[in-house]
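First the structure, in the form of structure tokens, and then the observations on it.
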Amino acid sequence: MNRKIGLISSIVICYLVTVFLICLVIALFAQNIFTENLSYGVCTVLSWGWVATTCAYSCFTQKEYSAAAKIGVSIGVIYATIISIVYFTQLTTVLYKSVDEIILQAFSFTSAGSWLFNLDLLGYGLLSISTFFIGLTLQTKDKIDSALKLLLMLHGIFFVCMFVPILPLPATNQGNGGTIALICCDLYIINSTFQKIKR
């Protein structure tokens with residue numbers, strides 16, 4: 001059952017990241033409220049899928065790596081909680097404009113530098129830390145295992161994104177640089193997840 005849950009959650013993650021990737025590509029060419037909100041919903045469920053995947057990984061961890069597995073799961077839960085709050089707010093309060101306009105600006109994810117935009121970066125920084133610790137727990141038996149371990153641990157580098165809001169950088173949402181970066185990140189995640197499915 002543990003292996004089956006891990007496989008199913010990996011397939012779900014791969015599917016959801018693919019849908020998110022399609023939404024991002026559409027966003028490069030036109031602003032579309034449907035795909036924007038679809039991407040918010042996808043990211044919410046995606047975070048839950050990561051928690052299921054980390055729990056499955058932790059079941060196969062050797063005793064000397066159990067602390068790393070627990071850290072990976074725990075930080076994964078914090079990531080999923082933050083991301084769920086960010087995107088659920090976009091799909092409810094922001095979408096239906098149910099608060100004052102000033103508060104709406106703080107809640108709007110599309111406003112770079114807004115409170116929830118920064119919270120989103122914190123969430124993805126925590127995801128990176130979670131992937132790093134889960135990567136530490138993997139026992140490699142073949143090249144696929146080694147590739148998956150390397151990809152998970154390398155993804156840990158992206159923890160730096162949580163520090164971007166702390167830096168004295170101007171808040172801007174101009175250009176497609178962020179979208180292109182997310183597309184590259186999605187391709188990376190799809191590759192990592194595919195390695196897990198093959199495993």
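Ligands are numbered from 1 in the order shown, residues from 1 within each chain, and chains are lettered A, B, ... in the order they appear in the structure tokens.
For Ser128 (chain A), the set of protein, DNA and RNA residues having any atom at most 6 Å away, when counting only C-alpha atoms and skipping those fewer than 6 positions along the same chain, is His155, Gly156, Phe158 and Phe159 of chain A.
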Could you give me, as a ChimeraX atom specification, the residues within 12 Å of Phe109 (chain A), counting only C-alpha atoms and dropping anything in the same chain fewer than 2 positions from it?
/A:36-37,39-40,83,85-91,93-95,104-107,111-121,173
Tell me, as a PDB file with N, CA, C and O atoms, in the first residue's frame, which residues lie within 12 Å of region 56-73 of chain A, counting only C-alpha atoms; anything in the same chain fewer than 3 positions away does not count.
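Once written, result_18.pdb looks like this:
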ATOM      1  N   MET A   1       0.812  -1.206   0.000  1.00  0.00           N
ATOM      2  CA  MET A   1       0.000   0.000   0.000  1.00  0.00           C
ATOM      3  C   MET A   1       0.858   1.275   0.000  1.00  0.00           C
ATOM      4  O   MET A   1       0.554   2.231  -0.698  1.00  0.00           O
ATOM      5  N   ASN A   2       1.952   1.276   0.785  1.00  0.00           N
ATOM      6  CA  ASN A   2       2.832   2.451   0.831  1.00  0.00           C
ATOM      7  C   ASN A   2       3.394   2.781  -0.542  1.00  0.00           C
ATOM      8  O   ASN A   2       3.415   3.947  -0.961  1.00  0.00           O
ATOM      9  N   ARG A   3       3.855   1.739  -1.243  1.00  0.00           N
ATOM     10  CA  ARG A   3       4.428   1.943  -2.575  1.00  0.00           C
ATOM     11  C   ARG A   3       3.361   2.426  -3.551  1.00  0.00           C
ATOM     12  O   ARG A   3       3.613   3.289  -4.394  1.00  0.00           O
ATOM     13  N   LYS A   4       2.160   1.888  -3.427  1.00  0.00           N
ATOM     14  CA  LYS A   4       1.076   2.275  -4.321  1.00  0.00           C
ATOM     15  C   LYS A   4       0.694   3.741  -4.105  1.00  0.00           C
ATOM     16  O   LYS A   4       0.480   4.481  -5.074  1.00  0.00           O
ATOM     17  N   ILE A   5       0.617   4.163  -2.846  1.00  0.00           N
ATOM     18  CA  ILE A   5       0.311   5.576  -2.553  1.00  0.00           C
ATOM     19  C   ILE A   5       1.402   6.484  -3.125  1.00  0.00           C
ATOM     20  O   ILE A   5       1.113   7.531  -3.710  1.00  0.00           O
ATOM     21  N   GLY A   6       2.656   6.082  -2.966  1.00  0.00           N
ATOM     22  CA  GLY A   6       3.758   6.862  -3.519  1.00  0.00           C
ATOM     23  C   GLY A   6       3.682   6.975  -5.030  1.00  0.00           C
ATOM     24  O   GLY A   6       3.907   8.050  -5.596  1.00  0.00           O
ATOM     25  N   LEU A   7       3.340   5.877  -5.696  1.00  0.00           N
ATOM     26  CA  LEU A   7       3.236   5.877  -7.156  1.00  0.00           C
ATOM     27  C   LEU A   7       2.075   6.750  -7.617  1.00  0.00           C
ATOM     28  O   LEU A   7       2.226   7.573  -8.522  1.00  0.00           O
ATOM     29  N   ILE A   8       0.925   6.582  -6.967  1.00  0.00           N
ATOM     30  CA  ILE A   8      -0.254   7.359  -7.347  1.00  0.00           C
ATOM     31  C   ILE A   8      -0.015   8.856  -7.121  1.00  0.00           C
ATOM     32  O   ILE A   8      -0.326   9.686  -7.982  1.00  0.00           O
ATOM     33  N   SER A   9       0.562   9.205  -5.976  1.00  0.00           N
ATOM     34  CA  SER A   9       0.809  10.618  -5.703  1.00  0.00           C
ATOM     35  C   SER A   9       1.811  11.208  -6.689  1.00  0.00           C
ATOM     36  O   SER A   9       1.681  12.360  -7.102  1.00  0.00           O
ATOM     37  N   SER A  10       2.803  10.410  -7.106  1.00  0.00           N
ATOM     38  CA  SER A  10       3.776  10.886  -8.102  1.00  0.00           C
ATOM     39  C   SER A  10       3.115  11.119  -9.454  1.00  0.00           C
ATOM     40  O   SER A  10       3.407  12.104 -10.139  1.00  0.00           O
ATOM     41  N   SER A  47       0.326  20.731  -3.805  1.00  0.00           N
ATOM     42  CA  SER A  47       1.004  20.754  -2.502  1.00  0.00           C
ATOM     43  C   SER A  47       0.566  19.572  -1.641  1.00  0.00           C
ATOM     44  O   SER A  47       1.369  18.990  -0.913  1.00  0.00           O
ATOM     45  N   TRP A  48      -0.694  19.190  -1.740  1.00  0.00           N
ATOM     46  CA  TRP A  48      -1.174  18.024  -0.983  1.00  0.00           C
ATOM     47  C   TRP A  48      -0.541  16.747  -1.526  1.00  0.00           C
ATOM     48  O   TRP A  48      -0.220  15.834  -0.764  1.00  0.00           O
ATOM     49  N   GLY A  49      -0.367  16.703  -2.849  1.00  0.00           N
ATOM     50  CA  GLY A  49       0.276  15.541  -3.470  1.00  0.00           C
ATOM     51  C   GLY A  49       1.711  15.376  -2.994  1.00  0.00           C
ATOM     52  O   GLY A  49       2.190  14.247  -2.807  1.00  0.00           O
ATOM     53  N   TRP A  50       2.399  16.518  -2.782  1.00  0.00           N
ATOM     54  CA  TRP A  50       3.774  16.429  -2.289  1.00  0.00           C
ATOM     55  C   TRP A  50       3.814  15.847  -0.877  1.00  0.00           C
ATOM     56  O   TRP A  50       4.687  15.044  -0.565  1.00  0.00           O
ATOM     57  N   VAL A  51       2.855  16.236  -0.041  1.00  0.00           N
ATOM     58  CA  VAL A  51       2.801  15.683   1.316  1.00  0.00           C
ATOM     59  C   VAL A  51       2.611  14.165   1.258  1.00  0.00           C
ATOM     60  O   VAL A  51       3.290  13.412   1.967  1.00  0.00           O
ATOM     61  N   ALA A  52       1.709  13.706   0.387  1.00  0.00           N
ATOM     62  CA  ALA A  52       1.496  12.257   0.242  1.00  0.00           C
ATOM     63  C   ALA A  52       2.766  11.567  -0.238  1.00  0.00           C
ATOM     64  O   ALA A  52       3.129  10.484   0.253  1.00  0.00           O
ATOM     65  N   THR A  53       3.469  12.199  -1.167  1.00  0.00           N
ATOM     66  CA  THR A  53       4.705  11.615  -1.699  1.00  0.00           C
ATOM     67  C   THR A  53       5.789  11.544  -0.622  1.00  0.00           C
ATOM     68  O   THR A  53       6.473  10.523  -0.497  1.00  0.00           O
ATOM     69  N   GLY A  76       7.368  19.774   4.450  1.00  0.00           N
ATOM     70  CA  GLY A  76       6.405  19.618   3.357  1.00  0.00           C
ATOM     71  C   GLY A  76       4.992  19.979   3.795  1.00  0.00           C
ATOM     72  O   GLY A  76       4.226  20.596   3.043  1.00  0.00           O
ATOM     73  N   VAL A  77       4.629  19.623   5.019  1.00  0.00           N
ATOM     74  CA  VAL A  77       3.304  19.965   5.556  1.00  0.00           C
ATOM     75  C   VAL A  77       3.183  21.479   5.736  1.00  0.00           C
ATOM     76  O   VAL A  77       2.138  22.067   5.413  1.00  0.00           O
ATOM     77  N   ILE A  78       4.243  22.121   6.225  1.00  0.00           N
ATOM     78  CA  ILE A  78       4.217  23.587   6.391  1.00  0.00           C
ATOM     79  C   ILE A  78       4.056  24.252   5.014  1.00  0.00           C
ATOM     80  O   ILE A  78       3.260  25.186   4.840  1.00  0.00           O
ATOM     81  N   TYR A  79       4.823  23.750   4.024  1.00  0.00           N
ATOM     82  CA  TYR A  79       4.711  24.272   2.650  1.00  0.00           C
ATOM     83  C   TYR A  79       3.286  24.150   2.139  1.00  0.00           C
ATOM     84  O   TYR A  79       2.714  25.116   1.609  1.00  0.00           O
ATOM     85  N   ALA A  80       2.679  22.961   2.300  1.00  0.00           N
ATOM     86  CA  ALA A  80       1.323  22.731   1.794  1.00  0.00           C
ATOM     87  C   ALA A  80       0.314  23.641   2.487  1.00  0.00           C
ATOM     88  O   ALA A  80      -0.620  24.153   1.851  1.00  0.00           O
ATOM     89  N   LEU A 126      10.285  26.624   1.271  1.00  0.00           N
ATOM     90  CA  LEU A 126      10.144  25.474   2.173  1.00  0.00           C
ATOM     91  C   LEU A 126      10.017  24.167   1.390  1.00  0.00           C
ATOM     92  O   LEU A 126      10.540  23.132   1.811  1.00  0.00           O
ATOM     93  N   LEU A 127       9.327  24.214   0.253  1.00  0.00           N
ATOM     94  CA  LEU A 127       9.247  23.015  -0.598  1.00  0.00           C
ATOM     95  C   LEU A 127      10.643  22.567  -1.000  1.00  0.00           C
ATOM     96  O   LEU A 127      10.952  21.365  -0.985  1.00  0.00           O
ATOM     97  N   SER A 128      11.488  23.512  -1.363  1.00  0.00           N
ATOM     98  CA  SER A 128      12.855  23.178  -1.774  1.00  0.00           C
ATOM     99  C   SER A 128      13.631  22.510  -0.648  1.00  0.00           C
ATOM    100  O   SER A 128      14.363  21.547  -0.866  1.00  0.00           O
ATOM    101  N   ILE A 129      13.453  23.016   0.562  1.00  0.00           N
ATOM    102  CA  ILE A 129      14.120  22.393   1.714  1.00  0.00           C
ATOM    103  C   ILE A 129      13.587  20.980   1.933  1.00  0.00           C
ATOM    104  O   ILE A 129      14.341  20.046   2.207  1.00  0.00           O
ATOM    105  N   SER A 130      12.277  20.825   1.772  1.00  0.00           N
ATOM    106  CA  SER A 130      11.661  19.507   1.927  1.00  0.00           C
ATOM    107  C   SER A 130      12.211  18.513   0.910  1.00  0.00           C
ATOM    108  O   SER A 130      12.551  17.373   1.260  1.00  0.00           O
ATOM    109  N   THR A 131      12.334  18.942  -0.348  1.00  0.00           N
ATOM    110  CA  THR A 131      12.856  18.030  -1.383  1.00  0.00           C
ATOM    111  C   THR A 131      14.303  17.643  -1.085  1.00  0.00           C
ATOM    112  O   THR A 131      14.710  16.504  -1.320  1.00  0.00           O
ATOM    113  N   PHE A 132      15.069  18.589  -0.551  1.00  0.00           N
ATOM    114  CA  PHE A 132      16.463  18.297  -0.220  1.00  0.00           C
ATOM    115  C   PHE A 132      16.546  17.192   0.833  1.00  0.00           C
ATOM    116  O   PHE A 132      17.293  16.229   0.676  1.00  0.00           O
ATOM    117  N   PHE A 133      15.757  17.324   1.903  1.00  0.00           N
ATOM    118  CA  PHE A 133      15.821  16.325   2.972  1.00  0.00           C
ATOM    119  C   PHE A 133      15.262  14.977   2.529  1.00  0.00           C
ATOM    120  O   PHE A 133      15.789  13.929   2.931  1.00  0.00           O
ATOM    121  N   ILE A 134      14.244  14.993   1.705  1.00  0.00           N
ATOM    122  CA  ILE A 134      13.729  13.721   1.178  1.00  0.00           C
ATOM    123  C   ILE A 134      14.776  13.086   0.271  1.00  0.00           C
ATOM    124  O   ILE A 134      14.984  11.872   0.296  1.00  0.00           O
ATOM    125  N   GLY A 135      15.473  13.912  -0.510  1.00  0.00           N
ATOM    126  CA  GLY A 135      16.554  13.392  -1.357  1.00  0.00           C
ATOM    127  C   GLY A 135      17.645  12.713  -0.546  1.00  0.00           C
ATOM    128  O   GLY A 135      18.209  11.699  -0.965  1.00  0.00           O
ATOM    129  N   LEU A 136      17.942  13.264   0.626  1.00  0.00           N
ATOM    130  CA  LEU A 136      18.955  12.647   1.498  1.00  0.00           C
ATOM    131  C   LEU A 136      18.597  11.224   1.896  1.00  0.00           C
ATOM    132  O   LEU A 136      19.478  10.398   2.129  1.00  0.00           O
ATOM    133  N   THR A 137      17.304  10.934   1.989  1.00  0.00           N
ATOM    134  CA  THR A 137      16.865   9.631   2.494  1.00  0.00           C
ATOM    135  C   THR A 137      16.885   8.525   1.455  1.00  0.00           C
ATOM    136  O   THR A 137      16.812   7.351   1.808  1.00  0.00           O
ATOM    137  N   LEU A 138      16.970   8.885   0.176  1.00  0.00           N
ATOM    138  CA  LEU A 138      16.867   7.878  -0.880  1.00  0.00           C
ATOM    139  C   LEU A 138      18.092   6.970  -0.920  1.00  0.00           C
ATOM    140  O   LEU A 138      19.225   7.445  -0.908  1.00  0.00           O
ATOM    141  N   GLN A 139      17.830   5.687  -0.992  1.00  0.00           N
ATOM    142  CA  GLN A 139      18.888   4.694  -1.160  1.00  0.00           C
ATOM    143  C   GLN A 139      18.985   4.362  -2.642  1.00  0.00           C
ATOM    144  O   GLN A 139      18.007   3.946  -3.253  1.00  0.00           O
ATOM    145  N   THR A 140      20.131   4.575  -3.226  1.00  0.00           N
ATOM    146  CA  THR A 140      20.278   4.386  -4.667  1.00  0.00           C
ATOM    147  C   THR A 140      20.710   2.962  -4.996  1.00  0.00           C
ATOM    148  O   THR A 140      21.677   2.452  -4.438  1.00  0.00           O
ATOM    149  N   LYS A 149      17.618  11.046  -6.783  1.00  0.00           N
ATOM    150  CA  LYS A 149      18.245  11.603  -5.576  1.00  0.00           C
ATOM    151  C   LYS A 149      18.924  12.931  -5.894  1.00  0.00           C
ATOM    152  O   LYS A 149      18.755  13.921  -5.184  1.00  0.00           O
ATOM    153  N   LEU A 152      16.282  15.726  -6.638  1.00  0.00           N
ATOM    154  CA  LEU A 152      15.624  16.199  -5.419  1.00  0.00           C
ATOM    155  C   LEU A 152      16.547  17.102  -4.599  1.00  0.00           C
ATOM    156  O   LEU A 152      16.131  18.152  -4.103  1.00  0.00           O
ATOM    157  N   MET A 153      17.800  16.675  -4.481  1.00  0.00           N
ATOM    158  CA  MET A 153      18.734  17.464  -3.674  1.00  0.00           C
ATOM    159  C   MET A 153      19.100  18.778  -4.369  1.00  0.00           C
ATOM    160  O   MET A 153      19.224  19.813  -3.718  1.00  0.00           O
ATOM    161  N   GLY A 156      16.783  21.587  -3.863  1.00  0.00           N
ATOM    162  CA  GLY A 156      16.961  22.292  -2.601  1.00  0.00           C
ATOM    163  C   GLY A 156      17.598  23.658  -2.754  1.00  0.00           C
ATOM    164  O   GLY A 156      17.419  24.537  -1.900  1.00  0.00           O
ATOM    165  N   LYS A 196      10.682   9.221 -10.536  1.00  0.00           N
ATOM    166  CA  LYS A 196      10.061   8.508  -9.418  1.00  0.00           C
ATOM    167  C   LYS A 196       9.094   7.450  -9.936  1.00  0.00           C
ATOM    168  O   LYS A 196       9.045   6.330  -9.425  1.00  0.00           O
ATOM    169  N   ARG A 199      10.843   4.534 -11.235  1.00  0.00           N
ATOM    170  CA  ARG A 199      11.451   3.802 -10.138  1.00  0.00           C
ATOM    171  C   ARG A 199      10.478   2.765  -9.597  1.00  0.00           C
ATOM    172  O   ARG A 199      10.787   1.699  -9.165  1.00  0.00           O
TER     173      ARG A 199
END
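Note that the spacing between CA of Tyr15 (chain A) and CA of Phe163 (chain A) amounts to 29.2 Å.
Across the structure, CA of Pro165 (chain A) and CA of Leu122 (chain A) are spaced 8.8 Å apart.
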